[in-house]
Amino acid sequence: MCGRFTSQYSWAELRALYGLSDISFPATNFPPRYNIAPTQDVPVVRLNDGKREAALLKWGLVPSSAKDTRDAAKLINARSETVAEKPAFRSAFRHRRCLVPADGFYEWQKISPKEKQPWFITLKDKAPFAFAGIYEWWIPREGPRIETFAILTCAPNALCAPVHDRMPVILTPESFRVWLGEELVSPDKLKTLLKPFDAAKMTAWRVGRAVGNVANDEPGLIEALPV
């Protein structure tokens, strides 16, 4: 799964990487993040009238048919193997896909029945990337609609497998157009993008347990523990 991640790059850098034409919130109000967690507002990139925009959505998908938002924290991830069929995700998979800017993520390795060791996983070149995401909106009885998203996961690659049995789907820039819907393809073609990222291009190291507390959000969280 993917339950925490980082996004350290400036919006000037991300605007160029994602080819953004618009940002629907003040970019200066979103500083580098080192411990992004479920239920928080997170920038995603999506299409709006054929143009890429960045928008703040809440992490934890609420299906449009939901009666309330209580289960949002349970739907932070969608399995790539079943996303096209699951009622909670299938409409978003077909019509509302997004990119989730990131540059690293955390996974917890079970080392005993009562103990887990967090790892930080990133690309060797430290470049920013994007998770494959889907988004939805939910309309309450009162107030504005709530927009939410989930991150797709897949089987782990050779680097992640010793740590966890799932990993987030990482998209290459070459696949952004297809995933966002700028190029129309079949659902089967979309599924070919939902695969483990090349382990040879990734690296990982153990980090301190402070990342387990969502109140902690500072650069020291990604520092490697002594070998």
# chains A, B, ... in the order shown; residues from 1 in each chain; ligands from 1

$ select_by_dssp --residues "range 14-189 of chain A" --states "strand (DSSP E or B)" --output "MDAnalysis selection string"
chainID A and resid 22:23 33:36 41:48 51:59 77:79 97:102 104:112 115:123 129:138 146:154 167:168 170:171

$ closest_atom_pairs --of "range 11-70 of chain A" --to "range 102-123 of chain A" --cutoff "12 Å" --atoms "only C-alpha atoms" --output "Markdown table"
| residue | atom | partner | partner_atom | distance |
| --- | --- | --- | --- | --- |
| A:Trp11 | CA | A:Ala102 | CA | 11.8 |
| A:Leu14 | CA | A:Ala102 | CA | 9.8 |
| A:Leu17 | CA | A:Ala102 | CA | 11.7 |
| A:Tyr18 | CA | A:Ala102 | CA | 11.8 |
| A:Pro32 | CA | A:Ala102 | CA | 10.4 |
| A:Arg33 | CA | A:Ala102 | CA | 9.4 |
| A:Tyr34 | CA | A:Gly104 | CA | 8.9 |
| A:Asn35 | CA | A:Phe105 | CA | 8.6 |
| A:Ile36 | CA | A:Phe105 | CA | 9.1 |
| A:Ala37 | CA | A:Tyr106 | CA | 10.5 |
| A:Val42 | CA | A:Ala102 | CA | 10.3 |
| A:Pro43 | CA | A:Ala102 | CA | 9.8 |
| A:Val44 | CA | A:Ala102 | CA | 9.7 |
| A:Val45 | CA | A:Ala102 | CA | 11.3 |

$ residues_around --residues "range 55-64 of chain A" --least-positions-apart "3" --cutoff "6 Å" --atoms "only C-alpha atoms" --output "PyMOL selection string"
chain A and resi 24+38-44+72-73+75-76+88+137-138+147-150

$ write_last_selection --atoms "C-alpha atoms" --output "tab-separated table (two decimals), in the first residue's frame"
chain	number	residue	atom	x	y	z
A	24	SER	CA	-6.30	26.56	-8.59
A	38	PRO	CA	-4.41	10.25	4.54
A	39	THR	CA	-7.32	12.72	5.00
A	40	GLN	CA	-5.01	15.67	4.29
A	41	ASP	CA	-5.45	18.07	1.36
A	42	VAL	CA	-2.91	17.18	-1.32
A	43	PRO	CA	-2.13	18.74	-4.72
A	44	VAL	CA	-2.95	16.55	-7.71
A	72	ALA	CA	-12.77	7.88	3.24
A	73	ALA	CA	-9.74	6.97	5.36
A	75	LEU	CA	-10.06	4.13	0.58
A	76	ILE	CA	-6.66	5.79	0.30
A	88	ALA	CA	-16.14	2.36	-5.64
A	137	TRP	CA	-16.52	14.20	-5.94
A	138	TRP	CA	-19.22	13.81	-3.34
A	147	GLU	CA	-13.27	16.22	-3.98
A	148	THR	CA	-11.17	13.22	-2.97
A	149	PHE	CA	-8.61	10.85	-4.47
A	150	ALA	CA	-6.93	7.47	-4.07

$ select_by_dssp --residues "range 5-206 of chain A" --states "alpha helix (DSSP H)" --output "list of chain:residue names"
A:Trp11, A:Ala12, A:Glu13, A:Leu14, A:Arg15, A:Ala16, A:Leu17, A:Tyr18, A:Arg90, A:Ser91, A:Ala92, A:Phe93, A:Arg94, A:His95, A:Phe176, A:Arg177, A:Val178, A:Trp179, A:Leu180, A:Pro187, A:Asp188, A:Lys189, A:Leu190, A:Lys191

$ write_last_selection --atoms "N, CA and C atoms" --output "tab-separated table (two decimals), in the first residue's frame"
chain	number	residue	atom	x	y	z
A	11	TRP	N	6.84	24.53	-6.59
A	11	TRP	CA	5.82	24.49	-7.62
A	11	TRP	C	6.32	25.02	-8.95
A	12	ALA	N	7.36	25.83	-8.95
A	12	ALA	CA	7.96	26.25	-10.23
A	12	ALA	C	8.54	25.05	-10.96
A	13	GLU	N	9.20	24.16	-10.20
A	13	GLU	CA	9.76	22.95	-10.80
A	13	GLU	C	8.65	22.00	-11.26
A	14	LEU	N	7.64	21.85	-10.43
A	14	LEU	CA	6.56	20.92	-10.78
A	14	LEU	C	5.72	21.45	-11.93
A	15	ARG	N	5.54	22.75	-12.00
A	15	ARG	CA	4.79	23.33	-13.12
A	15	ARG	C	5.43	22.94	-14.45
A	16	ALA	N	6.77	22.98	-14.49
A	16	ALA	CA	7.47	22.62	-15.72
A	16	ALA	C	7.37	21.12	-15.99
A	17	LEU	N	7.54	20.30	-14.95
A	17	LEU	CA	7.52	18.86	-15.12
A	17	LEU	C	6.16	18.37	-15.63
A	18	TYR	N	5.09	18.90	-15.05
A	18	TYR	CA	3.76	18.41	-15.38
A	18	TYR	C	3.08	19.20	-16.48
A	90	ARG	N	-14.49	2.13	-10.29
A	90	ARG	CA	-14.50	1.90	-11.73
A	90	ARG	C	-14.85	3.14	-12.55
A	91	SER	N	-15.79	3.96	-12.06
A	91	SER	CA	-16.14	5.16	-12.81
A	91	SER	C	-14.98	6.15	-12.83
A	92	ALA	N	-14.33	6.33	-11.69
A	92	ALA	CA	-13.18	7.23	-11.62
A	92	ALA	C	-12.04	6.72	-12.50
A	93	PHE	N	-11.84	5.41	-12.53
A	93	PHE	CA	-10.77	4.85	-13.35
A	93	PHE	C	-11.00	5.16	-14.82
A	94	ARG	N	-12.24	5.12	-15.25
A	94	ARG	CA	-12.54	5.39	-16.66
A	94	ARG	C	-12.53	6.88	-17.00
A	95	HIS	N	-12.96	7.72	-16.06
A	95	HIS	CA	-13.23	9.11	-16.41
A	95	HIS	C	-12.50	10.16	-15.59
A	176	PHE	N	2.19	10.17	-18.86
A	176	PHE	CA	1.28	11.15	-18.27
A	176	PHE	C	0.10	11.44	-19.20
A	177	ARG	N	0.34	11.63	-20.50
A	177	ARG	CA	-0.73	12.00	-21.42
A	177	ARG	C	-1.82	10.94	-21.47
A	178	VAL	N	-1.39	9.69	-21.51
A	178	VAL	CA	-2.38	8.61	-21.58
A	178	VAL	C	-3.16	8.52	-20.27
A	179	TRP	N	-2.46	8.58	-19.15
A	179	TRP	CA	-3.15	8.44	-17.87
A	179	TRP	C	-4.14	9.58	-17.62
A	180	LEU	N	-3.78	10.78	-18.01
A	180	LEU	CA	-4.67	11.92	-17.79
A	180	LEU	C	-5.85	11.94	-18.76
A	187	PRO	N	-9.51	0.65	-21.67
A	187	PRO	CA	-9.15	0.29	-20.29
A	187	PRO	C	-8.02	-0.73	-20.23
A	188	ASP	N	-7.97	-1.65	-21.19
A	188	ASP	CA	-6.89	-2.64	-21.21
A	188	ASP	C	-5.54	-1.96	-21.43
A	189	LYS	N	-5.51	-0.92	-22.28
A	189	LYS	CA	-4.28	-0.18	-22.51
A	189	LYS	C	-3.86	0.56	-21.24
A	190	LEU	N	-4.83	1.13	-20.55
A	190	LEU	CA	-4.53	1.83	-19.31
A	190	LEU	C	-3.89	0.89	-18.29
A	191	LYS	N	-4.41	-0.33	-18.24
A	191	LYS	CA	-3.90	-1.29	-17.26
A	191	LYS	C	-2.44	-1.64	-17.49

$ closest_residue --among "A:Cys160, A:Val214, A:Leu99, A:Ala155" --to "Phe131 in chain A" --atoms "only C-alpha atoms"
A:Leu99
